[in-house]
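Have a look at input.txt; it's compact mmCIF, C-alpha atoms:
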```
# COMPACT_ATOMS: atom_id res chain seq x y z
CA MET A 1 -27.13 305.51 62.91
CA LYS A 2 -25.54 305.26 59.48
CA TYR A 3 -27.76 303.60 56.86
CA ILE A 4 -30.81 304.14 59.05
CA ASP A 5 -31.21 307.84 59.86
CA GLU A 6 -30.83 309.05 56.28
CA TYR A 7 -33.52 306.59 55.15
CA ARG A 8 -35.95 308.06 57.68
CA ASP A 9 -35.52 311.61 56.43
CA LYS A 10 -38.85 313.46 56.50
CA ASN A 11 -38.11 315.59 53.44
CA LEU A 12 -37.24 312.59 51.30
CA ILE A 13 -40.37 310.79 52.47
CA ARG A 14 -42.47 313.86 51.66
CA THR A 15 -40.94 314.07 48.18
CA LEU A 16 -41.75 310.43 47.54
CA ALA A 17 -45.31 310.84 48.86
CA GLU A 18 -45.82 313.76 46.46
CA GLN A 19 -44.42 311.80 43.54
CA ILE A 20 -46.71 308.86 44.30
CA GLU A 21 -49.71 311.17 44.60
CA LYS A 22 -48.95 312.70 41.18
CA ARG A 23 -48.66 309.36 39.45
CA VAL A 24 -51.65 307.52 40.85
CA ARG A 25 -54.34 307.02 38.24
CA ARG A 26 -56.22 303.85 39.24
CA ASP A 27 -56.49 301.36 42.12
CA TYR A 28 -53.36 299.47 43.06
CA THR A 29 -52.86 296.51 45.40
CA PHE A 30 -49.34 295.55 46.35
CA MET A 31 -48.33 292.70 48.60
CA GLU A 32 -45.40 292.85 50.96
CA VAL A 33 -44.21 289.29 51.36
CA CYS A 34 -41.76 289.80 54.19
CA GLY A 35 -42.82 290.02 57.83
CA GLY A 36 -40.07 292.60 58.38
CA HIS A 37 -41.81 294.78 55.81
CA THR A 38 -45.21 294.24 57.45
CA ASN A 39 -43.75 295.48 60.70
CA ALA A 40 -41.97 298.45 59.11
CA ILE A 41 -45.03 299.49 57.05
CA HIS A 42 -47.22 299.78 60.14
CA ARG A 43 -44.52 301.02 62.48
CA PHE A 44 -43.74 303.94 60.17
CA GLY A 45 -47.37 304.57 59.28
CA ILE A 46 -46.78 304.08 55.55
CA PRO A 47 -50.49 303.48 54.70
CA SER A 48 -51.33 306.93 56.10
CA LEU A 49 -48.85 308.51 53.64
CA LEU A 50 -50.43 306.89 50.59
CA PRO A 51 -53.43 307.84 48.47
CA LYS A 52 -56.51 305.81 49.42
CA ASN A 53 -56.43 303.86 46.18
CA ILE A 54 -53.11 302.20 47.03
CA LYS A 55 -53.74 299.17 49.18
CA LEU A 56 -50.95 297.19 50.85
CA ILE A 57 -51.66 293.62 51.90
CA SER A 58 -49.48 291.23 53.85
CA GLY A 59 -48.32 287.89 52.58
CA PRO A 60 -46.80 284.72 54.00
CA GLY A 61 -43.40 286.12 54.93
CA CYS A 62 -43.35 285.80 58.69
CA PRO A 63 -41.53 282.49 59.24
CA VAL A 64 -42.92 282.08 62.73
CA CYS A 65 -46.48 282.62 61.47
CA VAL A 66 -46.29 280.08 58.65
CA THR A 67 -44.66 277.39 60.80
CA GLY A 68 -47.19 274.64 61.36
CA LYS A 69 -48.44 273.51 64.73
CA GLY A 70 -46.86 270.14 64.01
CA PHE A 71 -43.39 271.72 64.20
CA ILE A 72 -44.17 273.22 67.61
CA ASP A 73 -45.56 269.85 68.74
CA LYS A 74 -42.31 268.18 67.65
CA ALA A 75 -40.22 270.80 69.48
CA VAL A 76 -42.37 270.25 72.59
CA ALA A 77 -41.82 266.49 72.24
CA CYS A 78 -38.03 267.05 72.05
CA SER A 79 -38.14 269.33 75.09
CA LYS A 80 -39.65 266.49 77.13
CA MET A 81 -36.76 264.13 76.37
CA LYS A 82 -34.24 263.47 79.13
CA ASN A 83 -30.91 265.29 79.06
CA THR A 84 -31.99 267.60 76.30
CA ILE A 85 -31.56 271.33 75.79
CA ILE A 86 -33.75 273.09 73.24
CA THR A 87 -32.19 276.16 71.64
CA THR A 88 -34.42 278.52 69.71
CA PHE A 89 -34.86 282.02 68.34
CA GLY A 90 -37.09 283.92 70.75
CA ASP A 91 -39.97 284.36 68.32
CA LEU A 92 -40.95 280.70 68.43
CA ILE A 93 -41.30 280.30 72.14
CA ARG A 94 -44.86 281.57 72.55
CA ILE A 95 -46.40 280.02 69.43
CA PRO A 96 -49.18 277.67 70.49
CA GLY A 97 -48.87 274.07 69.30
CA SER A 98 -51.88 271.80 69.31
CA GLY A 99 -51.59 271.15 73.06
CA SER A 100 -48.70 273.11 74.55
CA SER A 101 -46.05 275.68 73.70
CA LEU A 102 -42.34 275.92 74.41
CA ASP A 103 -43.11 278.68 76.88
CA LYS A 104 -45.41 276.40 78.86
CA GLU A 105 -42.90 273.54 78.76
CA ARG A 106 -40.18 275.87 80.03
CA ALA A 107 -42.39 276.85 82.95
CA LEU A 108 -42.80 273.13 83.68
CA GLY A 109 -39.02 272.71 83.88
CA ALA A 110 -37.84 271.93 80.35
CA ASP A 111 -34.40 273.34 79.49
CA ILE A 112 -35.29 275.73 76.67
CA ARG A 113 -32.81 278.49 75.86
CA ILE A 114 -33.18 281.47 73.56
CA VAL A 115 -30.21 282.01 71.26
CA LEU A 116 -29.36 284.70 68.73
CA SER A 117 -27.69 282.35 66.28
CA GLY A 118 -27.02 278.74 65.40
CA LEU A 119 -23.38 279.21 66.41
CA GLU A 120 -24.52 280.14 69.91
CA ALA A 121 -26.51 276.89 70.04
CA LEU A 122 -23.40 275.04 68.89
CA GLU A 123 -21.43 276.57 71.76
CA ILE A 124 -24.09 275.31 74.17
CA ALA A 125 -23.62 271.82 72.67
CA ARG A 126 -19.86 272.10 73.09
CA GLY A 127 -20.26 273.13 76.72
CA ASN A 128 -22.74 270.35 77.53
CA PRO A 129 -21.32 267.20 75.93
CA GLU A 130 -23.47 264.92 78.11
CA LYS A 131 -26.67 266.44 76.74
CA LYS A 132 -28.43 266.51 73.40
CA VAL A 133 -28.78 270.04 72.09
CA VAL A 134 -31.62 270.56 69.61
CA PHE A 135 -31.62 273.78 67.56
CA LEU A 136 -34.95 274.84 66.07
CA GLY A 137 -34.18 275.97 62.53
CA ILE A 138 -36.85 278.17 61.02
CA GLY A 139 -36.68 281.01 58.54
CA PHE A 140 -36.34 281.67 54.84
CA GLU A 141 -33.33 282.09 52.58
CA THR A 142 -32.00 284.85 54.87
CA THR A 143 -31.69 282.52 57.85
CA ALA A 144 -31.05 279.12 56.27
CA PRO A 145 -27.40 279.86 55.30
CA GLY A 146 -26.60 280.55 58.98
CA THR A 147 -28.02 277.16 59.90
CA ALA A 148 -25.97 275.64 57.08
CA VAL A 149 -22.77 277.26 58.40
CA THR A 150 -23.65 275.93 61.86
CA ILE A 151 -24.02 272.35 60.57
CA LYS A 152 -20.74 272.72 58.68
CA GLN A 153 -18.99 273.94 61.85
CA CYS A 154 -20.53 271.07 63.77
CA GLU A 155 -19.02 268.66 61.26
CA ILE A 156 -15.60 270.35 61.24
CA ASN A 157 -15.41 270.44 65.04
CA ARG A 158 -16.83 266.92 65.42
CA ILE A 159 -19.52 267.93 67.84
CA ASN A 160 -21.77 264.91 68.12
CA ASN A 161 -24.53 266.10 70.44
CA PHE A 162 -25.99 268.85 68.21
CA TYR A 163 -29.20 268.29 66.25
CA LEU A 164 -31.41 270.36 64.00
CA LEU A 165 -35.20 270.33 64.11
CA ASN A 166 -35.72 271.88 60.76
CA ALA A 167 -38.51 273.91 59.18
CA HIS A 168 -36.54 276.15 56.82
CA LYS A 169 -38.49 277.35 53.82
CA ILE A 170 -37.97 279.23 50.58
CA MET A 171 -40.11 282.09 49.31
CA PRO A 172 -40.78 281.69 45.57
CA PRO A 173 -43.17 278.69 45.76
CA ALA A 174 -45.30 280.51 48.37
CA MET A 175 -45.41 283.65 46.20
CA GLU A 176 -46.50 281.50 43.28
CA ALA A 177 -49.16 279.85 45.46
CA ILE A 178 -50.53 283.31 46.31
CA ILE A 179 -50.77 284.23 42.63
CA GLN A 180 -52.37 280.92 41.74
CA ASP A 181 -54.84 281.39 44.59
CA GLY A 182 -56.18 284.31 42.58
CA VAL A 183 -55.36 287.09 45.06
CA ALA A 184 -55.87 290.31 43.07
CA LEU A 185 -52.44 291.95 43.00
CA ASN A 186 -50.62 294.54 40.94
CA GLY A 187 -47.14 293.79 42.22
CA PHE A 188 -44.90 292.54 44.99
CA ILE A 189 -42.79 294.45 47.48
CA CYS A 190 -40.12 291.75 47.51
CA PRO A 191 -38.13 290.75 50.60
CA GLY A 192 -34.83 292.62 50.69
CA HIS A 193 -32.92 290.37 53.03
CA VAL A 194 -34.00 287.17 51.33
CA ALA A 195 -32.77 288.77 48.09
CA ALA A 196 -29.49 289.86 49.73
CA ILE A 197 -28.75 286.11 49.78
CA THR A 198 -30.53 284.84 46.67
CA GLY A 199 -30.19 287.84 44.39
CA SER A 200 -33.09 289.63 42.72
CA GLY A 201 -32.97 287.18 39.80
CA MET A 202 -34.92 284.69 41.90
CA PHE A 203 -38.11 286.69 41.29
CA SER A 204 -37.78 286.97 37.52
CA PHE A 205 -40.37 284.21 36.93
CA ILE A 206 -43.05 286.49 38.40
CA PRO A 207 -43.12 289.17 35.68
CA ALA A 208 -42.27 286.60 33.00
CA LYS A 209 -44.99 284.10 33.90
CA TYR A 210 -47.60 286.20 35.69
CA ASN A 211 -47.12 289.73 34.34
CA LEU A 212 -46.64 291.16 37.84
CA GLY A 213 -43.97 293.64 38.90
CA CYS A 214 -41.48 293.02 41.68
CA VAL A 215 -39.41 295.60 43.55
CA VAL A 216 -36.80 294.30 45.99
CA THR A 217 -37.09 296.67 48.91
CA GLY A 218 -35.21 297.84 52.00
CA PHE A 219 -36.77 298.25 55.41
CA GLU A 220 -36.75 301.96 56.15
CA PRO A 221 -39.61 304.34 55.28
CA VAL A 222 -37.70 305.95 52.40
CA ASP A 223 -37.08 302.47 50.98
CA LEU A 224 -40.73 301.47 51.24
CA MET A 225 -42.06 304.71 49.73
CA MET A 226 -39.54 304.59 46.89
CA SER A 227 -40.46 301.01 46.15
CA ILE A 228 -44.18 301.81 46.05
CA LEU A 229 -43.42 304.64 43.60
CA MET A 230 -41.44 302.21 41.42
CA LEU A 231 -44.33 299.71 41.46
CA VAL A 232 -46.87 302.43 40.58
CA ASN A 233 -44.66 303.43 37.63
CA GLN A 234 -44.42 299.81 36.49
CA VAL A 235 -48.20 299.39 36.58
CA ASN A 236 -48.83 302.71 34.80
CA ARG A 237 -46.45 301.77 32.01
CA ASN A 238 -47.66 298.17 31.94
CA LEU A 239 -44.04 297.07 32.05
CA PRO A 240 -43.75 294.58 34.91
CA LYS A 241 -40.19 293.62 35.75
CA VAL A 242 -37.88 292.93 38.66
CA GLU A 243 -36.26 296.10 39.97
CA ILE A 244 -33.97 296.56 42.94
CA GLN A 245 -34.69 299.51 45.21
CA TYR A 246 -32.44 298.10 47.97
CA ASN A 247 -29.27 298.45 45.89
CA ARG A 248 -27.04 298.97 48.89
CA ALA A 249 -27.51 295.33 49.91
CA VAL A 250 -28.94 293.47 46.94
CA THR A 251 -27.52 292.48 43.58
CA GLN A 252 -28.92 290.44 40.72
CA ASN A 253 -26.90 287.36 41.75
CA GLY A 254 -26.86 287.72 45.54
CA ASN A 255 -24.39 286.25 47.99
CA ILE A 256 -22.78 283.31 46.22
CA LEU A 257 -20.89 282.08 49.31
CA ALA A 258 -24.10 281.94 51.33
CA GLN A 259 -25.90 280.17 48.48
CA ARG A 260 -23.11 277.62 48.36
CA TYR A 261 -23.41 276.87 52.08
CA MET A 262 -27.15 276.45 51.67
CA SER A 263 -26.91 274.07 48.73
CA ASP A 264 -24.08 272.06 50.33
CA ILE A 265 -26.18 271.27 53.38
CA PHE A 266 -29.80 271.40 52.21
CA GLU A 267 -31.88 270.14 49.35
CA SER A 268 -35.38 271.02 48.31
CA CYS A 269 -38.43 269.23 49.74
CA ASP A 270 -42.17 269.68 50.08
CA THR A 271 -43.26 271.35 53.27
CA PHE A 272 -46.30 272.52 55.22
CA TRP A 273 -47.25 276.20 55.52
CA ARG A 274 -49.92 277.43 57.89
CA GLY A 275 -52.81 278.62 55.76
CA PHE A 276 -51.62 276.92 52.59
CA GLY A 277 -51.04 273.31 53.58
CA ASN A 278 -48.34 271.47 51.67
CA ILE A 279 -46.47 273.50 49.03
CA PRO A 280 -44.31 271.38 46.70
CA GLY A 281 -40.62 272.28 46.65
CA SER A 282 -40.99 275.02 49.25
CA GLY A 283 -38.89 273.51 52.02
CA LEU A 284 -35.25 272.72 52.70
CA LYS A 285 -34.19 269.41 54.19
CA LEU A 286 -30.77 268.15 55.25
CA ARG A 287 -28.93 266.31 52.51
CA LYS A 288 -28.36 262.60 53.10
CA GLU A 289 -24.79 263.02 54.34
CA TYR A 290 -26.02 265.39 57.07
CA GLU A 291 -29.10 263.44 58.14
CA LYS A 292 -27.23 262.37 61.27
CA TYR A 293 -27.93 265.84 62.61
CA ASP A 294 -31.67 265.59 62.04
CA ALA A 295 -33.62 265.80 65.32
CA GLU A 296 -36.62 264.14 63.64
CA ARG A 297 -34.98 260.85 64.62
CA PHE A 298 -36.10 261.48 68.21
CA ILE A 299 -39.76 261.94 67.33
CA THR A 300 -41.49 258.64 67.93
CA GLN A 301 -45.10 259.85 67.90
CA ASP A 302 -47.04 260.43 64.71
CA ILE A 303 -47.22 264.24 64.76
CA ARG A 304 -49.04 265.91 61.89
CA ASN A 305 -49.77 269.47 60.99
CA GLN A 306 -53.30 270.70 61.40
CA GLU A 307 -54.87 273.94 60.31
CA ASP A 308 -56.12 276.38 62.92
CA ASP A 309 -59.61 275.66 64.05
CA GLY A 310 -62.34 277.78 65.49
CA LEU A 311 -62.60 281.44 64.65
CA CYS A 312 -58.91 282.23 64.04
CA ILE A 313 -58.32 283.37 60.43
CA CYS A 314 -54.48 283.41 60.46
CA GLY A 315 -54.43 281.11 57.45
CA ASP A 316 -56.53 283.47 55.30
CA ILE A 317 -54.47 286.48 56.43
CA LEU A 318 -51.23 284.73 55.44
CA ARG A 319 -52.72 284.03 52.00
CA GLY A 320 -53.62 287.69 51.51
CA LEU A 321 -57.34 286.90 51.43
CA LYS A 322 -58.28 288.71 54.64
CA VAL A 323 -56.89 291.43 56.90
CA PRO A 324 -56.62 291.30 60.70
CA SER A 325 -59.67 293.48 61.30
CA ASP A 326 -61.79 290.86 59.49
CA CYS A 327 -61.15 288.47 62.39
CA PRO A 328 -63.75 288.35 65.17
CA LEU A 329 -61.01 287.55 67.69
CA PHE A 330 -58.68 290.42 66.69
CA SER A 331 -57.94 292.75 69.61
CA VAL A 332 -60.86 291.27 71.58
CA ASN A 333 -59.87 287.74 72.56
CA CYS A 334 -56.59 287.68 70.64
CA VAL A 335 -53.98 290.22 71.76
CA PRO A 336 -50.15 290.09 71.93
CA ASP A 337 -50.21 289.16 75.63
CA ASN A 338 -52.67 286.36 75.00
CA PRO A 339 -52.31 285.35 71.36
CA ILE A 340 -54.64 282.78 69.84
CA GLY A 341 -53.13 282.70 66.37
CA ALA A 342 -49.49 282.80 65.28
CA CYS A 343 -49.95 286.12 63.44
CA MET A 344 -50.52 287.83 66.81
CA VAL A 345 -47.42 286.31 68.43
CA SER A 346 -44.53 287.43 66.28
CA ASN A 347 -43.58 291.11 65.89
CA GLU A 348 -43.66 290.42 62.17
CA GLY A 349 -47.14 288.97 62.15
CA ALA A 350 -49.80 291.06 60.44
CA CYS A 351 -52.15 290.93 63.46
CA ASN A 352 -49.41 291.92 65.88
CA SER A 353 -48.34 294.86 63.69
CA TRP A 354 -51.92 296.03 63.22
CA PHE A 355 -52.58 295.76 66.95
CA ARG A 356 -49.51 297.77 67.92
CA TYR A 357 -49.46 300.45 65.26
CA ARG A 358 -52.86 301.00 63.70
CA SER A 359 -55.35 303.09 65.60
CA ASP A 360 -57.93 303.23 62.81
CA GLU A 361 -59.14 299.65 63.12
CA MET B 1 -37.21 287.08 61.52
CA CYS B 2 -35.60 288.14 58.30
CA LEU B 3 -34.79 291.40 59.99
CA SER B 4 -31.17 292.38 59.57
CA ILE B 5 -29.55 295.47 60.97
CA PRO B 6 -26.70 297.56 59.59
CA ALA B 7 -23.61 297.13 61.77
CA ARG B 8 -20.02 298.34 61.59
CA ILE B 9 -17.20 295.85 61.95
CA VAL B 10 -15.09 296.78 64.96
CA SER B 11 -12.60 293.93 64.96
CA VAL B 12 -12.01 290.68 63.10
CA ASN B 13 -10.76 287.47 64.64
CA GLY B 14 -10.57 284.67 62.07
CA SER B 15 -14.07 283.93 60.85
CA MET B 16 -15.69 285.92 63.66
CA ALA B 17 -16.06 289.64 64.17
CA GLU B 18 -17.21 292.08 66.77
CA VAL B 19 -19.69 294.46 65.20
CA SER B 20 -21.36 297.57 66.51
CA ALA B 21 -25.02 298.35 65.84
CA GLY B 22 -26.33 301.51 67.43
CA GLY B 23 -23.62 301.34 70.08
CA THR B 24 -24.30 297.72 71.05
CA ILE B 25 -21.59 295.18 70.34
CA PHE B 26 -22.58 291.85 68.81
CA THR B 27 -20.62 288.83 67.63
CA ALA B 28 -21.01 288.04 63.95
CA GLY B 29 -19.88 285.09 61.84
CA LEU B 30 -18.05 286.23 58.70
CA HIS B 31 -18.34 282.88 56.94
CA MET B 32 -20.54 284.27 54.18
CA ILE B 33 -18.64 287.40 53.22
CA GLU B 34 -15.16 287.90 51.85
CA ASN B 35 -12.43 290.39 52.72
CA ALA B 36 -14.28 291.90 55.65
CA LYS B 37 -12.28 294.46 57.58
CA PRO B 38 -12.83 296.85 60.47
CA GLY B 39 -14.82 299.88 59.38
CA ASP B 40 -16.88 297.95 56.80
CA TYR B 41 -20.65 298.03 57.23
CA ILE B 42 -22.48 294.73 57.02
CA LEU B 43 -26.03 293.47 57.44
CA LEU B 44 -26.23 291.45 60.64
CA HIS B 45 -28.80 288.66 60.67
CA ALA B 46 -29.14 285.92 63.30
CA GLY B 47 -25.48 286.12 64.29
CA PHE B 48 -24.04 286.30 60.77
CA ALA B 49 -22.90 289.04 58.42
CA ILE B 50 -25.05 288.20 55.40
CA GLN B 51 -23.91 290.97 53.06
CA LYS B 52 -21.64 294.01 52.91
CA ILE B 53 -23.45 297.31 52.51
CA SER B 54 -22.39 299.29 49.47
CA GLU B 55 -21.66 302.89 50.41
CA GLU B 56 -21.83 304.05 46.78
CA GLU B 57 -25.21 302.43 46.16
CA ALA B 58 -26.56 303.79 49.44
CA ALA B 59 -25.61 307.33 48.41
CA GLU B 60 -26.94 306.81 44.88
CA THR B 61 -30.42 305.81 46.15
CA LEU B 62 -30.64 309.00 48.22
CA LYS B 63 -29.39 311.08 45.31
CA ILE B 64 -32.11 309.75 43.00
CA ILE B 65 -34.81 310.90 45.40
CA GLU B 66 -33.19 314.26 46.04
CA GLU B 67 -33.10 314.83 42.30
CA MET B 68 -36.83 314.19 42.04
CA ASN B 69 -37.33 317.54 43.69
CA ASN B 70 -35.64 319.20 40.76
CA SER B 71 -36.87 316.93 38.03
CA LEU B 72 -39.10 318.18 35.22
CA GLU B 73 -41.51 315.37 35.97
CA LYS B 74 -42.34 316.77 39.38
```
Could you write out this structure as structure tokens?
Amino acid sequence: MKYIDEYRDKNLIRTLAEQIEKRVRRDYTFMEVCGGHTNAIHRFGIPSLLPKNIKLISGPGCPVCVTGKGFIDKAVACSKMKNTIITTFGDLIRIPGSGSSLDKERALGADIRIVLSGLEALEIARGNPEKKVVFLGIGFETTAPGTAVTIKQCEINRINNFYLLNAHKIMPPAMEAIIQDGVALNGFICPGHVAAITGSGMFSFIPAKYNLGCVVTGFEPVDLMMSILMLVNQVNRNLPKVEIQYNRAVTQNGNILAQRYMSDIFESCDTFWRGFGNIPGSGLKLRKEYEKYDAERFITQDIRNQEDDGLCICGDILRGLKVPSDCPLFSVNCVPDNPIGACMVSNEGACNSWFRYRSDE
Amino acid sequence: MCLSIPARIVSVNGSMAEVSAGGTIFTAGLHMIENAKPGDYILLHAGFAIQKISEEEAAETLKIIEEMNNSLEK
């Protein structure tokens, strides 16, 4: 497939591995912030291609993993309302809330449908005018513009039975929280598809304020290896900056149309992240003129977010403080078929990726 | 969830397109990109084309790595 096969070329990967090997002269720790990168890194066996003194750690970039239990509890509450259809991306359905999950509610008879996009949810609303259709909006800057377009279309087409239960988030405040937490890092493998929307300029505060390099990276093995080489070079030269490896999709300024949709519909707010708690300015909420689409209006109970309890260490993994094999539940009690923590549910969760692709743990 | 896949636009109908990714046809909203036409490659994410893929930049990235083989720094 064009734009995939050539970025999986063995010879190019070998060249990059050799170049990295030649340049390594100390220990390096890089964090990949995006769950898509976590998955790709383990799927393609990237750690096995790197010298032992390059360590890759996962950050808080799996939207499903960082979504609080309170959001799931609210979605479950909506699913129990009469004449209501819940529409959701598939990843969310198995995440445990504090008492139930959407999967369990569906088995009990709730009308919960998996959709591939907000527009598909809108079509369901159009086809079921007698029902309320609640779309579960999660995801970072990559996904939020699609939700914004959906709300805009809802307004244009005067569909009055469509609602958004919203947990959209933005990346930079979480990256800053990681740095301020004191996680020892030498640079970030920055999320390529977030940056396709926002532009690479969004990360410029990281080298400027924290002296850490950032390379905006694609999702194929050649992309990842090239980006690691670029980060190694930045560290060796002590010249941290924002560079774009994923030039075929990312520019400095990003997708202005998408940004416009996002800022028309949403404004910044504080929001809860699993593992971090509340992070100021890290969420997106509907602007006042679009509050009529907010499904929060249906939530009558006082539902709050709680951290994971017991032995699960998802929170520490999302903050880059621990790795999946540090968890006593990992691959013993907590497996993809019977996940205890959110990081084992999603394909992009660190625990799920480690479980599926790493045989050395 | 931020996963996006490269897809080729097959046909355009107003603000919607049919796109092909690995032989599978998907529907994609074109609301966020301008002047999309059949044959263009886009990144498909959650039902939307979020960016056009630059053929020149894609080739340039590969060229840089190929040149490392010949570079003096090797």
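Taking atom CA of A:Asn53 and atom CA of A:Asn347 as endpoints, the distance between them is 26.8 Å.
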Test item: chain A residues at most 8 Å from chain B, counting only C-alpha atoms, as number ranges by chain: A: 1-4, 7, 12, 15-16, 19, 22, 34-36, 62-64, 91, 116-119, 139-140, 142-143, 146, 149, 193-194, 196-197, 245, 247-249, 255, 257-258, 348
If we count all atoms listed in the file, what is near A:Gln259 at a cut-off of 9 Å, once residues fewer than 5 positions away on the same chain are taken out, given as a CSV table (one decimal) with C-alpha atoms, keeping the file's coordinate frame?
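As written to disk, out_26.csv reads:
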```csv
chain,number,residue,atom,x,y,z
A,141,GLU,CA,-33.3,282.1,52.6
A,145,PRO,CA,-27.4,279.9,55.3
A,197,ILE,CA,-28.8,286.1,49.8
A,198,THR,CA,-30.5,284.8,46.7
A,254,GLY,CA,-26.9,287.7,45.5
A,264,ASP,CA,-24.1,272.1,50.3
B,32,MET,CA,-20.5,284.3,54.2
```
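When only C-alpha atoms are used to measure the gap to A:Ile138, the shortest distance among A:Trp273, A:Phe219, A:Tyr261, A:Phe30 belongs to A:Trp273.
Neighbours of A:Leu212 closer than or equal to 9 Å, with all atoms listed in the file counted and sequence neighbours fewer than 5 positions away skipped, come out as A:Leu185, A:Asn186, A:Gly187, A:Phe188, A:Ile206, A:Pro207, A:Val235, A:Leu239, A:Pro240, A:Lys241, A:Val242.
The point (-36.9, 274.0, 84.5) has these residues within 12 Å of it, counting all atoms listed in the file: Ser79, Lys80, Asn83, Thr84, Ile85, Ile86, Leu102, Asp103, Lys104, Glu105, Arg106, Ala107, Leu108, Gly109, Ala110, Asp111, Ile112 and Arg113 of chain A.
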Enclose all atoms of stretch 309-318 of chain A listed in the file in an axis-aligned box, grow every side by 8 Å, and hand back centre and edge lengths in Å to one decimal, as JSON.
```
{"center_x": -56.9, "center_y": 281.1, "center_z": 60.4, "size_x": 27.4, "size_y": 26.8, "size_z": 26.2}
```
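Of note, atom CA of A:Asn166 and atom CA of A:Ile57 are spaced 28.4 Å apart.
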Around the point (-34.5, 270.9, 52.3) (coordinates from the file), which residues reach within 12 Å if we count only C-alpha atoms? Answer as a compact mmCIF listing (two decimals) with C-alpha atoms, in the coordinates of the input.
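New file point34.txt:
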```
# COMPACT_ATOMS: atom_id res chain seq x y z
CA GLY A 137 -34.18 275.97 62.53
CA ILE A 138 -36.85 278.17 61.02
CA PHE A 140 -36.34 281.67 54.84
CA GLU A 141 -33.33 282.09 52.58
CA ALA A 144 -31.05 279.12 56.27
CA PRO A 145 -27.40 279.86 55.30
CA THR A 147 -28.02 277.16 59.90
CA ALA A 148 -25.97 275.64 57.08
CA LEU A 165 -35.20 270.33 64.11
CA ASN A 166 -35.72 271.88 60.76
CA ALA A 167 -38.51 273.91 59.18
CA HIS A 168 -36.54 276.15 56.82
CA LYS A 169 -38.49 277.35 53.82
CA ILE A 170 -37.97 279.23 50.58
CA MET A 262 -27.15 276.45 51.67
CA SER A 263 -26.91 274.07 48.73
CA ASP A 264 -24.08 272.06 50.33
CA ILE A 265 -26.18 271.27 53.38
CA PHE A 266 -29.80 271.40 52.21
CA GLU A 267 -31.88 270.14 49.35
CA SER A 268 -35.38 271.02 48.31
CA CYS A 269 -38.43 269.23 49.74
CA ASP A 270 -42.17 269.68 50.08
CA THR A 271 -43.26 271.35 53.27
CA PRO A 280 -44.31 271.38 46.70
CA GLY A 281 -40.62 272.28 46.65
CA SER A 282 -40.99 275.02 49.25
CA GLY A 283 -38.89 273.51 52.02
CA LEU A 284 -35.25 272.72 52.70
CA LYS A 285 -34.19 269.41 54.19
CA LEU A 286 -30.77 268.15 55.25
CA ARG A 287 -28.93 266.31 52.51
CA LYS A 288 -28.36 262.60 53.10
CA TYR A 290 -26.02 265.39 57.07
CA GLU A 291 -29.10 263.44 58.14
CA ASP A 294 -31.67 265.59 62.04
```
Exercise: A:Arg158 partners within 12 Å, all atoms listed in the file, chain neighbours under 4 positions left out, as JSON, numbers by chain: {"A": [122, 125, 126, 129, 150, 151, 152, 153, 154, 162, 293]}
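The coordinates place atom CA of A:Cys334 at 11.2 Å from atom CA of A:Ile313.
Distance check against A:Ser353 using all atoms listed in the file: of A:Ile54, A:Val323, A:Ile340, A:Ile279, the minimum falls on A:Val323.
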Selection: 10 Å around A:Pro339, only C-alpha atoms, excl. self and same-chain fewer than 5 positions, as a PyMOL selection string: chain A and resi 94-96+329-331+333-334+344-346+351-352
